[in-house]
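This is entry.txt (compact mmCIF, C-alpha atoms).
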# COMPACT_ATOMS: atom_id res chain seq x y z
CA MET A 1 0.00 0.00 0.00
CA THR A 2 2.78 2.40 0.92
CA ARG A 3 4.63 1.59 -2.28
CA ALA A 4 1.49 2.28 -4.31
CA LEU A 5 1.02 5.64 -2.58
CA ARG A 6 4.58 6.60 -3.43
CA ARG A 7 3.87 6.00 -7.09
CA TYR A 8 0.90 8.36 -7.24
CA PRO A 9 2.94 11.60 -7.53
CA VAL A 10 4.88 10.12 -10.43
CA LEU A 11 1.71 9.00 -12.19
CA ILE A 12 0.10 12.40 -11.65
CA ALA A 13 3.17 14.15 -13.03
CA LEU A 14 3.16 11.89 -16.10
CA CYS A 15 -0.54 12.51 -16.70
CA LEU A 16 -0.10 16.27 -16.41
CA ALA A 17 2.87 16.18 -18.79
CA ALA A 18 0.88 14.18 -21.33
CA LEU A 19 -2.04 16.58 -20.92
CA PHE A 20 0.12 19.64 -21.57
CA MET A 21 1.53 18.01 -24.70
CA VAL A 22 -1.70 16.65 -26.14
CA VAL A 23 -4.05 19.57 -25.53
CA PRO A 24 -2.12 22.16 -27.61
CA PHE A 25 -1.85 19.67 -30.46
CA LEU A 26 -5.61 19.04 -30.37
CA ILE A 27 -6.29 22.79 -30.41
CA VAL A 28 -4.07 23.17 -33.46
CA VAL A 29 -5.89 20.32 -35.21
CA MET A 30 -9.32 21.81 -34.44
CA ASN A 31 -8.38 25.27 -35.70
CA ALA A 32 -6.68 23.88 -38.80
CA VAL A 33 -9.98 22.47 -40.08
CA LYS A 34 -12.08 25.58 -39.34
CA SER A 35 -13.05 28.28 -41.80
CA PRO A 36 -11.81 31.84 -41.09
CA ALA A 37 -15.38 32.99 -40.43
CA GLU A 38 -16.00 30.17 -37.97
CA TYR A 39 -12.74 30.91 -36.18
CA ALA A 40 -13.56 34.63 -35.90
CA GLN A 41 -17.07 33.94 -34.64
CA ASN A 42 -16.51 31.11 -32.16
CA GLY A 43 -12.88 31.56 -31.14
CA PRO A 44 -9.94 29.10 -31.00
CA LEU A 45 -11.36 26.83 -28.27
CA SER A 46 -14.64 25.93 -29.92
CA LEU A 47 -15.22 22.63 -31.67
CA PRO A 48 -15.32 22.83 -35.48
CA GLU A 49 -18.75 22.72 -37.02
CA GLY A 50 -17.38 21.02 -40.11
CA ILE A 51 -14.13 20.12 -41.82
CA HIS A 52 -12.71 22.92 -43.97
CA LEU A 53 -9.43 22.12 -45.70
CA ASP A 54 -8.94 25.51 -47.33
CA GLY A 55 -6.20 26.49 -44.89
CA LEU A 56 -4.30 23.26 -45.49
CA GLU A 57 -4.66 23.54 -49.26
CA ASN A 58 -3.60 27.20 -49.33
CA PHE A 59 -0.50 26.57 -47.25
CA TRP A 60 0.34 23.44 -49.28
CA GLU A 61 0.29 25.40 -52.53
CA ARG A 62 1.79 28.66 -51.28
CA VAL A 63 5.02 27.22 -49.89
CA ASP A 64 5.30 24.21 -52.24
CA TYR A 65 5.00 21.93 -49.23
CA PRO A 66 6.08 18.66 -50.94
CA ARG A 67 9.37 20.30 -51.89
CA LYS A 68 9.92 21.64 -48.37
CA LEU A 69 8.98 18.28 -46.90
CA LEU A 70 11.51 16.50 -49.10
CA ASN A 71 14.23 18.94 -48.06
CA SER A 72 13.47 18.48 -44.38
CA LEU A 73 13.39 14.69 -44.68
CA LEU A 74 16.65 14.63 -46.62
CA ILE A 75 18.47 16.95 -44.21
CA SER A 76 17.12 15.39 -41.01
CA GLY A 77 17.59 11.81 -42.19
CA SER A 78 21.13 12.43 -43.44
CA VAL A 79 22.13 14.17 -40.22
CA ALA A 80 20.66 11.38 -38.08
CA VAL A 81 22.52 8.63 -39.95
CA LEU A 82 25.84 10.47 -40.33
CA ALA A 83 25.87 11.80 -36.76
CA VAL A 84 25.20 8.37 -35.28
CA GLY A 85 27.92 6.81 -37.44
CA LEU A 86 30.52 9.42 -36.49
CA SER A 87 29.48 9.26 -32.84
CA VAL A 88 30.05 5.51 -32.80
CA LEU A 89 33.53 5.87 -34.32
CA ASN A 90 34.53 8.65 -31.93
CA ALA A 91 33.09 6.94 -28.87
CA TYR A 92 34.76 3.65 -29.80
CA ALA A 93 38.14 5.36 -29.88
CA ILE A 94 37.51 7.28 -26.65
CA GLY A 95 35.53 4.80 -24.57
CA ILE A 96 37.13 1.50 -25.59
CA GLY A 97 40.34 2.53 -27.30
CA ARG A 98 41.24 4.80 -24.38
CA ILE A 99 43.11 7.40 -26.42
CA ARG A 100 45.47 9.79 -24.69
CA GLY A 101 43.98 12.98 -23.36
CA ARG A 102 40.55 11.37 -23.15
CA THR A 103 39.29 13.90 -20.62
CA TRP A 104 40.33 16.88 -22.74
CA VAL A 105 38.79 15.37 -25.86
CA LEU A 106 35.48 14.87 -24.06
CA ALA A 107 35.67 18.41 -22.70
CA PHE A 108 36.09 19.65 -26.28
CA PHE A 109 32.96 17.80 -27.41
CA VAL A 110 30.99 19.13 -24.43
CA LEU A 111 32.11 22.68 -25.27
CA ALA A 112 31.07 22.23 -28.90
CA ASN A 113 27.66 21.02 -27.76
CA THR A 114 27.08 23.98 -25.42
CA LEU A 115 27.91 26.74 -27.90
CA PRO A 116 24.81 28.75 -28.83
CA GLN A 117 23.87 28.69 -32.49
CA GLU A 118 23.86 32.49 -32.58
CA ALA A 119 27.62 32.37 -32.07
CA LEU A 120 28.03 29.98 -35.00
CA VAL A 121 25.99 31.89 -37.56
CA TYR A 122 28.67 34.21 -38.92
CA PRO A 123 31.59 31.69 -38.94
CA VAL A 124 29.44 29.07 -40.63
CA TYR A 125 28.07 31.61 -43.10
CA TYR A 126 31.55 32.90 -44.00
CA LEU A 127 33.07 29.43 -44.31
CA SER A 128 30.26 28.16 -46.50
CA LYS A 129 30.68 31.21 -48.75
CA GLU A 130 34.39 30.51 -49.12
CA LEU A 131 33.80 26.84 -49.92
CA GLY A 132 30.97 27.50 -52.35
CA LEU A 133 28.45 25.62 -50.23
CA TYR A 134 26.20 28.53 -49.31
CA ASP A 135 22.51 27.97 -50.03
CA THR A 136 22.96 24.24 -50.40
CA ARG A 137 21.43 21.47 -48.35
CA LEU A 138 24.88 19.93 -47.98
CA SER A 139 26.09 22.88 -45.92
CA VAL A 140 23.26 22.45 -43.40
CA ILE A 141 23.81 18.68 -43.29
CA ILE A 142 27.52 19.18 -42.50
CA VAL A 143 26.87 21.76 -39.77
CA PHE A 144 24.19 19.78 -37.96
CA THR A 145 26.10 16.52 -38.33
CA VAL A 146 29.01 18.09 -36.47
CA LEU A 147 26.76 19.55 -33.76
CA GLN A 148 24.81 16.36 -33.19
CA THR A 149 28.00 14.28 -33.27
CA ALA A 150 29.36 16.32 -30.38
CA PHE A 151 26.47 15.26 -28.18
CA GLY A 152 26.41 11.70 -29.50
CA THR A 153 30.13 11.25 -28.87
CA TYR A 154 29.86 12.46 -25.29
CA LEU A 155 26.91 10.18 -24.56
CA LEU A 156 28.26 7.07 -26.26
CA SER A 157 31.70 7.52 -24.74
CA SER A 158 30.24 7.11 -21.27
CA VAL A 159 28.24 4.08 -22.45
CA LEU A 160 31.13 2.34 -24.21
CA GLY A 161 33.47 3.21 -21.34
CA ARG A 162 31.51 0.66 -19.28
CA PHE A 163 31.38 -1.91 -22.07
CA PRO A 164 32.27 -5.40 -20.73
CA ARG A 165 35.97 -5.95 -21.30
CA GLU A 166 35.48 -9.70 -21.17
CA VAL A 167 33.45 -9.59 -24.37
CA ILE A 168 36.12 -7.57 -26.16
CA GLU A 169 38.92 -9.85 -24.95
CA ALA A 170 36.97 -12.92 -26.06
CA ALA A 171 36.58 -11.42 -29.53
CA ARG A 172 40.31 -10.68 -29.69
CA ILE A 173 41.14 -14.21 -28.68
CA ASP A 174 38.93 -15.43 -31.55
CA GLY A 175 41.08 -13.38 -33.93
CA ALA A 176 38.87 -10.32 -34.45
CA ASP A 177 40.63 -7.06 -35.25
CA LYS A 178 39.50 -3.58 -34.10
CA TRP A 179 37.04 -3.06 -36.97
CA GLN A 180 35.48 -6.49 -36.51
CA ILE A 181 35.09 -5.85 -32.78
CA LEU A 182 33.37 -2.56 -33.56
CA TRP A 183 30.91 -3.76 -36.20
CA ARG A 184 30.29 -7.32 -34.97
CA VAL A 185 30.37 -6.83 -31.19
CA VAL A 186 30.03 -3.22 -30.06
CA VAL A 187 27.45 -1.98 -32.58
CA PRO A 188 25.00 -4.93 -32.20
CA VAL A 189 25.10 -4.69 -28.41
CA SER A 190 24.67 -0.89 -28.50
CA ARG A 191 21.92 -0.92 -31.15
CA PRO A 192 19.11 0.19 -28.80
CA THR A 193 21.12 3.23 -27.69
CA LEU A 194 21.99 4.05 -31.29
CA GLY A 195 18.32 3.84 -32.23
CA VAL A 196 17.42 6.34 -29.51
CA LEU A 197 20.13 8.72 -30.71
CA MET A 198 18.94 8.45 -34.30
CA VAL A 199 15.36 9.33 -33.32
CA PHE A 200 16.51 12.29 -31.25
CA PHE A 201 18.86 13.58 -33.95
CA PHE A 202 16.12 13.40 -36.57
CA VAL A 203 13.57 15.28 -34.45
CA TRP A 204 16.09 17.88 -33.25
CA THR A 205 17.28 18.61 -36.77
CA TRP A 206 13.72 18.74 -38.08
CA ASN A 207 12.86 21.49 -35.58
CA GLU A 208 15.94 23.63 -36.27
CA PHE A 209 15.18 27.10 -37.57
CA LEU A 210 17.98 29.67 -37.19
CA LEU A 211 20.82 28.08 -39.17
CA PRO A 212 18.58 26.82 -42.00
CA LEU A 213 17.05 30.30 -42.19
CA VAL A 214 20.51 31.85 -42.64
CA MET A 215 22.03 29.15 -44.83
CA LEU A 216 19.08 28.34 -47.13
CA ILE A 217 17.75 31.45 -48.85
CA SER A 218 16.26 29.97 -52.00
CA ASN A 219 12.78 28.47 -51.98
CA ASP A 220 13.98 25.24 -53.56
CA ASN A 221 16.29 24.47 -50.61
CA GLN A 222 14.28 25.68 -47.63
CA THR A 223 12.90 23.36 -44.98
CA VAL A 224 9.41 23.18 -43.51
CA SER A 225 10.37 25.11 -40.38
CA VAL A 226 11.90 27.91 -42.46
CA ALA A 227 8.79 28.08 -44.65
CA LEU A 228 6.64 28.49 -41.54
CA GLY A 229 8.79 31.31 -40.22
CA VAL A 230 9.03 33.13 -43.54
CA LEU A 231 5.28 33.13 -44.07
CA GLN A 232 4.68 34.30 -40.52
CA GLY A 233 7.06 37.18 -41.12
CA GLN A 234 5.27 38.16 -44.33
CA ARG A 235 1.94 38.33 -42.44
CA LEU A 236 0.14 36.62 -45.29
CA MET A 237 -1.56 33.97 -43.21
CA ASP A 238 -4.83 34.07 -41.30
CA ALA A 239 -5.37 32.18 -38.04
CA THR A 240 -6.70 29.01 -39.65
CA MET A 241 -3.84 28.85 -42.12
CA THR A 242 -1.38 29.43 -39.28
CA ASN A 243 -2.74 26.40 -37.47
CA ALA A 244 -2.78 24.41 -40.71
CA ALA A 245 0.86 25.30 -41.27
CA ALA A 246 1.74 24.30 -37.71
CA LEU A 247 -0.07 20.99 -38.17
CA LEU A 248 1.74 20.18 -41.41
CA GLY A 249 5.00 21.26 -39.85
CA VAL A 250 4.82 19.03 -36.80
CA LEU A 251 2.91 16.06 -38.24
CA PRO A 252 5.85 14.36 -40.04
CA ALA A 253 7.98 14.52 -36.89
CA VAL A 254 5.13 13.06 -34.82
CA VAL A 255 4.65 10.25 -37.34
CA PHE A 256 8.39 9.50 -37.33
CA PHE A 257 8.39 9.46 -33.53
CA LEU A 258 5.40 7.09 -33.40
CA VAL A 259 6.89 4.76 -36.00
CA PHE A 260 10.12 4.44 -34.01
CA GLN A 261 8.47 4.56 -30.60
CA ARG A 262 9.27 0.91 -29.94
CA THR A 263 12.94 1.56 -30.73
CA LEU A 264 12.94 4.52 -28.37
CA THR A 265 11.23 2.59 -25.58
CA ARG A 266 13.54 -0.40 -25.98
CA GLY A 267 16.63 1.82 -25.89
CA ILE A 268 15.53 3.66 -22.75
CA ALA A 269 14.59 0.37 -21.05
CA VAL A 270 17.97 -1.17 -21.86
CA GLY A 271 19.73 1.92 -20.54
CA ALA A 272 17.73 1.75 -17.32
CA VAL A 273 18.60 -1.92 -16.83
CA LYS A 274 22.27 -1.26 -17.40
Using structure tokens, write down the structure that the file contains.
Amino acid sequence: MTRALRRYPVLIALCLAALFMVVPFLIVVMNAVKSPAEYAQNGPLSLPEGIHLDGLENFWERVDYPRKLLNSLLISGSVAVLAVGLSVLNAYAIGIGRIRGRTWVLAFFVLANTLPQEALVYPVYYLSKELGLYDTRLSVIIVFTVLQTAFGTYLLSSVLGRFPREVIEAARIDGADKWQILWRVVVPVSRPTLGVLMVFFFVWTWNEFLLPLVMLISNDNQTVSVALGVLQGQRLMDATMTNAAALLGVLPAVVFFLVFQRTLTRGIAVGAVK
């Protein structure tokens, strides 16, 4: 009985957190399918009297949403895969290889992860201009791959630092070299953690706004988040279209999260057990 009572505050906190996340999304969905007249008459908290898709259609056509969606998927997916791959290589060298100056190397990655993006805007802009990569999706992929790799390296280094040495020694006795130990032993065992990192990297990159806004100025290269911000700045959108844009902006990330929810849950559970 006492143990059950102790769990109540945690359950209440989880319910409140879920409520605060779900309710705004439901309000956005309701307002996205309203007509402008209905929104002006009944307000944002009223239930829609019917389904009006004019706001969704107008936003879809105005920003060329399929093109923006493809750009966001390409950038976020590339960053997630590349950042996880580089993080594994770095963490393998630091956590298992035990390179010299391990503490200073980790401190460097922590520093890179804590730098505000505002401080990186001008250096990244100038460097991309010099290399001829400005206004290309590749430039954004490179920048965010480096930023996400900094966090991934720091996290995986602590995980691989506690990797069972007996398993590694057994693989060496069987004749496996360093690359075989990495790809046949370390990566399969760490797959749940890598899956969690990949989901986080995809969602984080999808929601990025400042650097893509600075680095991608042409309509053909812009992402969904940049399209939302640009249209808001032009003041060309009514309330229903604003909610429709927000819905189309967040929906792919929500779908991706739900698809890989089992991977995320498995990775967190494995980390808790360890």
Within 12 Å of A:Leu247 using only C-alpha atoms, minus same-chain residues under 5 positions, as a list in words: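 Within the cut-off, the hits are Pro24, Phe25, Leu26, Ile27, Val28, Val29, Met30, Asn31, Ala32, Val33, Gly55, Leu56, Phe59, Trp60, Val224, Ser225, Leu228, Thr240, Met241, Thr242, Pro252, Ala253, Val254 and Val255 of chain A.
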Given the selection you just returned, output its residues as a file containing C-alpha atoms, formatted as a CSV table (one decimal), in the coordinates of the input.
chain,number,residue,atom,x,y,z
A,24,PRO,CA,-2.1,22.2,-27.6
A,25,PHE,CA,-1.8,19.7,-30.5
A,26,LEU,CA,-5.6,19.0,-30.4
A,27,ILE,CA,-6.3,22.8,-30.4
A,28,VAL,CA,-4.1,23.2,-33.5
A,29,VAL,CA,-5.9,20.3,-35.2
A,30,MET,CA,-9.3,21.8,-34.4
A,31,ASN,CA,-8.4,25.3,-35.7
A,32,ALA,CA,-6.7,23.9,-38.8
A,33,VAL,CA,-10.0,22.5,-40.1
A,55,GLY,CA,-6.2,26.5,-44.9
A,56,LEU,CA,-4.3,23.3,-45.5
A,59,PHE,CA,-0.5,26.6,-47.2
A,60,TRP,CA,0.3,23.4,-49.3
A,224,VAL,CA,9.4,23.2,-43.5
A,225,SER,CA,10.4,25.1,-40.4
A,228,LEU,CA,6.6,28.5,-41.5
A,240,THR,CA,-6.7,29.0,-39.6
A,241,MET,CA,-3.8,28.8,-42.1
A,242,THR,CA,-1.4,29.4,-39.3
A,252,PRO,CA,5.8,14.4,-40.0
A,253,ALA,CA,8.0,14.5,-36.9
A,254,VAL,CA,5.1,13.1,-34.8
A,255,VAL,CA,4.6,10.2,-37.3
One decimal, in Å: what's the spacing between atom CA of A:Lys68 and atom CA of A:Ile142?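 Spanning atom CA of A:Lys68 to atom CA of A:Ile142 is a straight-line distance of 18.7 Å.
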Kindly give the distance, in Å, that separates atom CA of A:Ala93 and atom CA of A:Arg172, rounded to a single decimal.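 Interatomic distance, atom CA of A:Ala93 to atom CA of A:Arg172: 16.2 Å.
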Just want the 12 Å neighbourhood of A:Asn58, counted on all atoms listed in the file, with same-chain residues fewer than 3 positions away dropped. Output as a list in words.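 The residues that qualify are Ala32, His52, Leu53, Asp54, Gly55, Glu61, Arg62, Val63, Asp64, Tyr65, Leu231, Leu236, Met237, Asp238, Thr240, Met241, Thr242, Asn243, Ala244, Ala245 and Leu248 of chain A.
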If I take atom CA of A:Ala80 and atom CA of A:Phe260, how far is one from the other in Å, to one decimal?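 Atom CA of A:Phe260 lies at a distance of 13.3 Å from atom CA of A:Ala80.
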Which is closer to A:Leu155 than all the others in A:Gln180, A:Gln117, A:Asn90, A:Asn207, using all atoms listed in the file?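 Ranking A:Gln180, A:Gln117, A:Asn90, A:Asn207 by distance to A:Leu155, first place goes to A:Asn90.
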5 Å per side around stretch 118-132 of chain A: axis-aligned box centre and edge lengths, as lines of an AutoDock Vina configuration file:
center_x = 29.1
center_y = 30.5
center_z = -42.2
size_x = 20.5
size_y = 17.4
size_z = 30.3
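Ranking A:Trp104, A:Tyr134, A:Phe202, A:Phe209 by their shortest atom-to-atom distance to A:Tyr154, with all atoms listed in the file included, puts A:Trp104 first.
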Any idea what's packed within 12 Å of A:Phe201, counting only C-alpha atoms, ignoring anything in its chain fewer than 3 positions away? Could you give it as an MDAnalysis selection string? chainID A and resid 75:85 87 141 144:152 194:198 204:208 253 256:257
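Closest to A:Thr223 among A:Asp177, A:Glu118, A:Asp135, A:Glu169 is A:Asp135, based on only C-alpha atoms.
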